[in-house]
Amino acid sequence: EKPRHQGMAKNTYMRWRLPLVCLLWEVAMIVLFGVFVRFGAEADAHWEEEKREMNLTSDIENDFYFRYPSFQDVHVMIFVGFGFLMTFLKRYGFGAVGFNFLLAAFGIQWALLMQGWFHSFKDGKILIGVENLINADFCVGSVCIAFGAILGKTSPIQLLVMTLFQVTLFSVNEYILLNLLHVKDAGGSMTIHTFGAYFGLTVTRVLYRPNLEQSKDKQGSVYHSDLFAMIGTLYLWMYWPSFNSAISDHGDAQHRSAINTYCSLAACVLTTMAFSSMLQKKGKLDMVHIQNATLAGGVAVGTSAEMMLTPYGSLIVGSISGIVSTVGYVYFTPFLESRLHIQDTCGIHNLHAMPGLIGGIVGAITAAAATEDVYGKEGFIKAFDFTGVYRTRTPSIQGGFQAAGIVVSLLMAFAGGAIVGGILKLPIWGDAAAENCFEDDVYWEVPEDEESDVYHMHNPDKPASP
Amino acid sequence: EKPRHQGMAKNTYMRWRLPLVCLLWEVAMIVLFGVFVRFGAEADAHWEEEKREMNLTSDIENDFYFRYPSFQDVHVMIFVGFGFLMTFLKRYGFGAVGFNFLLAAFGIQWALLMQGWFHSFKDGKILIGVENLINADFCVGSVCIAFGAILGKTSPIQLLVMTLFQVTLFSVNEYILLNLLHVKDAGGSMTIHTFGAYFGLTVTRVLYRPNLEQSKDKQGSVYHSDLFAMIGTLYLWMYWPSFNSAISDHGDAQHRSAINTYCSLAACVLTTMAFSSMLQKKGKLDMVHIQNATLAGGVAVGTSAEMMLTPYGSLIVGSISGIVSTVGYVYFTPFLESRLHIQDTCGIHNLHAMPGLIGGIVGAITAAAATEDVYGKEGFIKAFDFTGVYRTRTPSIQGGFQAAGIVVSLLMAFAGGAIVGGILKLPIWGDAAAENCFEDDVYWEVPEDEESDVYHMHNPDKPASP
Amino acid sequence: EKPRHQGMAKNTYMRWRLPLVCLLWEVAMIVLFGVFVRFGAEADAHWEEEKREMNLTSDIENDFYFRYPSFQDVHVMIFVGFGFLMTFLKRYGFGAVGFNFLLAAFGIQWALLMQGWFHSFKDGKILIGVENLINADFCVGSVCIAFGAILGKTSPIQLLVMTLFQVTLFSVNEYILLNLLHVKDAGGSMTIHTFGAYFGLTVTRVLYRPNLEQSKDKQGSVYHSDLFAMIGTLYLWMYWPSFNSAISDHGDAQHRSAINTYCSLAACVLTTMAFSSMLQKKGKLDMVHIQNATLAGGVAVGTSAEMMLTPYGSLIVGSISGIVSTVGYVYFTPFLESRLHIQDTCGIHNLHAMPGLIGGIVGAITAAAATEDVYGKEGFIKAFDFTGVYRTRTPSIQGGFQAAGIVVSLLMAFAGGAIVGGILKLPIWGDAAAENCFEDDVYWEVPEDEESDVYHMHNPDKPASP
């Protein structure tokens, strides 16, 4: 009756494996949280005493009021933004939103621990507050990016395994960059986008499926799925200023990050539209570009947004990244697939990898070009945290370390992606056969709806089910 | 021409009844607002003087800046969250979003008055500010929950009548709990969820329709409607930390509520996915569970989120509630319908009733277990408001009162639901016949679209309209 | 093969024109930003020094924390609110969301400059901060409104040209009102809605298409497109309190604006539902009304929300505007089209023009009725900014100036709309023929999906493409 899903039951039966992984993991989280995680001073009921000690006169000085609105915007980007952006596929909407939901909910718990051990560990406890929640969302953002490359080709268990490893590697890489290299990367061009994207591209390379053209008919969109995807696009686009400013220093740094990102994204839309039309023989706009390349401007100022990039600098960076990203969709993605066997479902190479590199480079240049004149004496020290052992760092040295951060992120991504890809290739995780990729029916109860009637309509010997 | 809607015109003609109810109500609101409602000190133009009197040095001390971002998140949950969550039905999207819109807009006005009389009444006037707006949204949330039980089976007039009574009863119940029993329930496990859900379940029991299987074909979802519902789910899930923290004390309490809720919800997703797959013979995930049970973690920490539940405590509560809720969808909902004649369209028993009870119980235990050591001397008094006449309350007594709050909420829900159900059973409100349930066409102008062509396609003797 | 789009290739080929306009524009923006735009004091790295000079003790005093959450809500309204509101057409969802995205991204850059020259110009530089971002979004809001009148009938180039001119005229009109007439209009009833709507209506009048009935079949909605539109409606409705309060004075004024708008919108929903049912023979609700007229209450308190309109005053204004708007959809829109040849795709006359006028009038009355008793001595001066040369203004004179502001806005709209309409009528911009209006296929790559198969299904001699 449904011959195209013949091999499914054997391959993709999740009934015991998926629950086992989910429950084991959650039990581990509970135990580890029980041992390690406690409220930070600003979320603890002892806050009244803390306030007195720190000479704070008002509850409004609690970090909650500086960062919570940005946190919620970031939260929307991770769950609705990434989730719906990937619903463009005609028959993979449940998987896009649902698996993104699963892996992100899974990842933020593990990220709270991993990042906590590196950054918020005190007297044997991880002390968390709103900034930790933002950082956990950021970390998971890099997993959502990597998910974009393998969308439709992996089982939920593979995604959970990848999340486990990627969050771990992300935290190590982040620690190297922020703590050892003393690099600035508030919006994560390097730690989130470059690392996440090249990690995902390496994984999808390792998982190369030579027969993927068997599910070619499902790799496209339908009219409504493109509109659902625009929900994701717009929320990512609108809230990106919050993303890049969420963990910047209080005051001018948060303010500046938001403005730079706003400008970069606005410019990016125009160059994306221009090149989308220009690169197409009929001159029509392509929703794939509008859904994705318009966001490259946010990625590309991820490192430099909190610096004195200036509004016109942001327009330049945004303009360039929109062009690079759109050109990528038209020329690079087919090349990557046919020549390098990198099957990149969502085109994360164009949206995150290249703009992430641009972002790292722009950050290095902006840091190297910083002067006390532009930042003010105090602002200069505060912006780059040139205190303590870093008191003697000069902008050009900082620029060098920023550049080193890009290289480290790339190496971590390639090495990590290769290893994790190898693990995911093991034949035990329940991924679907090539002809069943990009099809929700494999892992989800799918309603027998009008649309599928329409689908069957074309096979006259298979009558539409009532 | 449209035989399946034959009896409609007679039953469900809204032309004079619905406008009459809406306009009468709105006139009443205007009169009552005119007599009673004024701006509170922080929204009144006299604020400059107030500021001086209260020795406030900055406008940022205005409650607006403590609570407005949370208010907007709650607002989204009520209108988009609940509205879209209920669009999962294939032909009831207009009713889901539109009637939710109507009853909530209707309810918040009445709630401002009812809650105002109980809590913000001073010198003959109700003085409102942003906290009142949040509380009005909360109150209406309990009506949206009850709406979930009777979705698709009631006329808009019935919904307006139910809203009128339920808001009233909610306010009385809330007054008993918060003021007479001095119970803590910032996120409303008891006042909103337990009360709202058992109220709705009682109403749907009274309105039992023995022939509802006549509209069985419309009780399911289609592919796109499940994606629309996920918009609702995700907004509820993402903003729930704002919901549970919106009216907590300034500072650490708001901060802590958000963290606890974030943790609980993350854990809940994993156990929901696990049990959704485990309880299904083919091991596939069911969108009904993902759309609903993933939210149980937010309900179940509604009372205790602002307490020192701790992150790992939140993980435990979230994990359990996800399991209970998913099991409920698989086993309890069919049982309730077949044995107890409780037809619960959205499964609010699983999403709100049981997790609400869990939330009340967890709150009672957490309160009873509180110590000055954990909270600090000041924090202890502040967290439970052990001042004035409540100065001598001990944690274990507080725990007892919390438990009493659950019982009171249940009794109010059952009694109120029975009475209101009886009123709604009167044959004057224009509800549809059983065969026309779950069909927008009854109360809405529905476009003659391609989809309905597809629908008619299966009846070969009824040609598709052009 | 596709005869209904025969003339398309000749008319609407965008390949060189659209990229040229986009890129030229963006280069101009970069140059002008480079010359003029810099960070304001609160976003500049010198903020530490500024803080000391202004005697600010905390970073929380940065305007970012007063306005950023409101900014993000406004941002959502412009991009998701307006964008999705216009997706109600069955085959114009890409154009609605995508062109709105393009023109808004385009417009905010130009608005930052235009408004900056008028309001934030200091020592040869435009100094920007979060308030400028909000104002740029506001300005673009008026373009989104005008877009509603010509939706589906214009090329993207026409939209970009219109945006260029409309932003310019908006800024001039805003300068006359706010600076020369010293008028209050925080939520923009006059500057945004009245101006934007009458501008758009004049443009669509000039662009009158006598044969538009040739695309009649595409001017309607389908079931799912009406649900997409409700996303836009609800986000506009929920965030409107942020819109009207976003640039009000810190403290009570922002607080009050939000409350008044909340009340007005709630009342508006009830009267809209009442009249939607009442004005329809079958008494059914019409999604067009619910999607649009429910928002009139936000428009109609745009001027007065920050004044002491009072909650019951807001209910009255909201109730009336819901009625006027719904009546407009039923009676005025057909009249405007048949008699005045004003083809108003989205009915902006009902949602923005008439409620905008009501808003201006209510603002004038509320200002004229202000007393020191109601506002307090300080509050009175602060609310109307009766300082400096305006020290001697009385409420009744202020009311007169407010009324003059309406007239100026109307005149600017009519004159500007006529000129810009004339420019857009030139045969060089690539707009589609009448029979291709309201069809995404003209300017977008549209997936060959199941739905279009359904569409073709009715033509038996044209087999569905695979």
# chains A, B, ... in the order shown; residues from 1 in each chain; ligands from 1
>>> closest_atom_pairs(of="chain B", to="chain C", cutoff="6 Å", atoms="only C-alpha atoms", output="JSON lines")
{"residue": "B:Met14", "atom": "CA", "partner": "C:Gly283", "partner_atom": "CA", "distance": 5.2}
{"residue": "B:Arg15", "atom": "CA", "partner": "C:Gly283", "partner_atom": "CA", "distance": 3.8}
{"residue": "B:Pro19", "atom": "CA", "partner": "C:Ala274", "partner_atom": "CA", "distance": 3.8}
{"residue": "B:Cys22", "atom": "CA", "partner": "C:Leu270", "partner_atom": "CA", "distance": 5.6}
{"residue": "B:Ile30", "atom": "CA", "partner": "C:Tyr312", "partner_atom": "CA", "distance": 5.5}
{"residue": "B:Phe33", "atom": "CA", "partner": "C:Tyr312", "partner_atom": "CA", "distance": 5.0}
{"residue": "B:Gly34", "atom": "CA", "partner": "C:Tyr312", "partner_atom": "CA", "distance": 5.1}
{"residue": "B:Glu42", "atom": "CA", "partner": "C:Asp252", "partner_atom": "CA", "distance": 5.5}
{"residue": "B:Ala43", "atom": "CA", "partner": "C:Asp252", "partner_atom": "CA", "distance": 4.3}
{"residue": "B:Asp44", "atom": "CA", "partner": "C:Asp252", "partner_atom": "CA", "distance": 5.9}
{"residue": "B:Ala45", "atom": "CA", "partner": "C:Tyr375", "partner_atom": "CA", "distance": 4.9}
{"residue": "B:His46", "atom": "CA", "partner": "C:Gly376", "partner_atom": "CA", "distance": 5.3}
{"residue": "B:Asp59", "atom": "CA", "partner": "C:Gly251", "partner_atom": "CA", "distance": 4.9}
{"residue": "B:Asn62", "atom": "CA", "partner": "C:Gly251", "partner_atom": "CA", "distance": 5.9}
{"residue": "B:Phe64", "atom": "CA", "partner": "C:His255", "partner_atom": "CA", "distance": 5.8}
{"residue": "B:Ala105", "atom": "CA", "partner": "C:Ala266", "partner_atom": "CA", "distance": 4.7}
{"residue": "B:Tyr443", "atom": "CA", "partner": "C:Lys284", "partner_atom": "CA", "distance": 5.0}
{"residue": "B:Trp444", "atom": "CA", "partner": "C:Leu285", "partner_atom": "CA", "distance": 4.7}
{"residue": "B:Glu445", "atom": "CA", "partner": "C:Asp286", "partner_atom": "CA", "distance": 5.3}
{"residue": "B:Pro447", "atom": "CA", "partner": "C:Val222", "partner_atom": "CA", "distance": 5.6}
{"residue": "B:Asp449", "atom": "CA", "partner": "C:Val222", "partner_atom": "CA", "distance": 5.0}
>>> select_by_dssp(residues="range 3-50 of chain A", states="alpha helix (DSSP H)", output="PyMOL selection string")
chain A and resi 8-12+17-36+47-50
>>> write_last_selection(atoms="N, CA and C atoms", output="tab-separated table (two decimals), in the first residue's frame")
chain	number	residue	atom	x	y	z
A	8	MET	N	11.22	1.10	5.88
A	8	MET	CA	11.22	1.97	7.04
A	8	MET	C	11.20	1.23	8.37
A	9	ALA	N	10.23	0.34	8.54
A	9	ALA	CA	10.04	-0.30	9.84
A	9	ALA	C	11.36	-0.87	10.37
A	10	LYS	N	12.11	-1.47	9.50
A	10	LYS	CA	13.35	-2.11	9.93
A	10	LYS	C	14.38	-1.08	10.39
A	11	ASN	N	14.54	-0.04	9.55
A	11	ASN	CA	15.59	0.94	9.82
A	11	ASN	C	15.31	1.86	11.00
A	12	THR	N	14.11	2.38	11.02
A	12	THR	CA	13.88	3.62	11.72
A	12	THR	C	12.97	3.46	12.94
A	17	ARG	N	14.71	2.88	21.41
A	17	ARG	CA	15.96	3.63	21.41
A	17	ARG	C	15.79	5.09	21.81
A	18	LEU	N	14.82	5.77	21.17
A	18	LEU	CA	14.65	7.19	21.46
A	18	LEU	C	14.26	7.44	22.92
A	19	PRO	N	13.26	6.73	23.45
A	19	PRO	CA	12.93	6.94	24.87
A	19	PRO	C	14.12	6.66	25.78
A	20	LEU	N	14.87	5.61	25.47
A	20	LEU	CA	16.01	5.27	26.31
A	20	LEU	C	17.02	6.42	26.37
A	21	VAL	N	17.37	6.94	25.20
A	21	VAL	CA	18.33	8.04	25.16
A	21	VAL	C	17.79	9.25	25.91
A	22	CYS	N	16.54	9.62	25.63
A	22	CYS	CA	15.95	10.80	26.27
A	22	CYS	C	15.93	10.64	27.79
A	23	LEU	N	15.50	9.49	28.26
A	23	LEU	CA	15.32	9.33	29.70
A	23	LEU	C	16.65	9.20	30.42
A	24	LEU	N	17.57	8.44	29.84
A	24	LEU	CA	18.90	8.33	30.44
A	24	LEU	C	19.52	9.70	30.58
A	25	TRP	N	19.43	10.45	29.50
A	25	TRP	CA	20.00	11.78	29.48
A	25	TRP	C	19.38	12.65	30.57
A	26	GLU	N	18.06	12.62	30.65
A	26	GLU	CA	17.40	13.51	31.60
A	26	GLU	C	17.75	13.13	33.04
A	27	VAL	N	17.87	11.83	33.29
A	27	VAL	CA	18.28	11.40	34.63
A	27	VAL	C	19.69	11.90	34.94
A	28	ALA	N	20.57	11.80	33.95
A	28	ALA	CA	21.93	12.31	34.14
A	28	ALA	C	21.92	13.80	34.45
A	29	MET	N	21.08	14.53	33.74
A	29	MET	CA	20.98	15.98	33.96
A	29	MET	C	20.53	16.27	35.39
A	30	ILE	N	19.52	15.52	35.83
A	30	ILE	CA	19.00	15.75	37.18
A	30	ILE	C	20.09	15.52	38.22
A	31	VAL	N	20.83	14.42	38.04
A	31	VAL	CA	21.89	14.12	39.00
A	31	VAL	C	22.97	15.20	38.98
A	32	LEU	N	23.40	15.57	37.79
A	32	LEU	CA	24.47	16.57	37.68
A	32	LEU	C	24.01	17.94	38.18
A	33	PHE	N	22.78	18.30	37.84
A	33	PHE	CA	22.24	19.57	38.36
A	33	PHE	C	22.16	19.50	39.89
A	34	GLY	N	21.74	18.36	40.39
A	34	GLY	CA	21.64	18.21	41.84
A	34	GLY	C	22.97	18.40	42.52
A	35	VAL	N	24.02	17.86	41.90
A	35	VAL	CA	25.35	17.99	42.50
A	35	VAL	C	25.92	19.39	42.31
A	36	PHE	N	25.71	19.97	41.14
A	36	PHE	CA	26.47	21.17	40.78
A	36	PHE	C	25.70	22.49	40.72
A	47	TRP	N	19.45	37.48	48.13
A	47	TRP	CA	19.74	38.69	47.36
A	47	TRP	C	19.63	39.98	48.19
A	48	GLU	N	18.71	40.01	49.15
A	48	GLU	CA	18.60	41.21	49.98
A	48	GLU	C	19.93	41.52	50.67
A	49	GLU	N	20.58	40.47	51.16
A	49	GLU	CA	21.88	40.65	51.82
A	49	GLU	C	22.95	41.06	50.81
A	50	GLU	N	22.93	40.38	49.67
A	50	GLU	CA	23.86	40.69	48.59
A	50	GLU	C	23.76	42.16	48.19
>>> residues_around(residues="Glu337 in chain B", least_positions_apart="3", cutoff="12 Å", atoms="only C-alpha atoms", output="ChimeraX atom specification")
/B:149,201,204-205,208-210,212-213,329,331-334,340-345,347,349
>>> residues_around(residues="Phe386 in chain A", least_positions_apart="6", cutoff="10 Å", atoms="only C-alpha atoms", output="list in words")
His182, Phe380, Thr392, Arg393, Thr394, Pro395 and Gln398 of chain A
>>> atom_distance(atom1="CA of Leu89 in chain C", atom2="CA of Lys218 in chain C")
7.0 Å
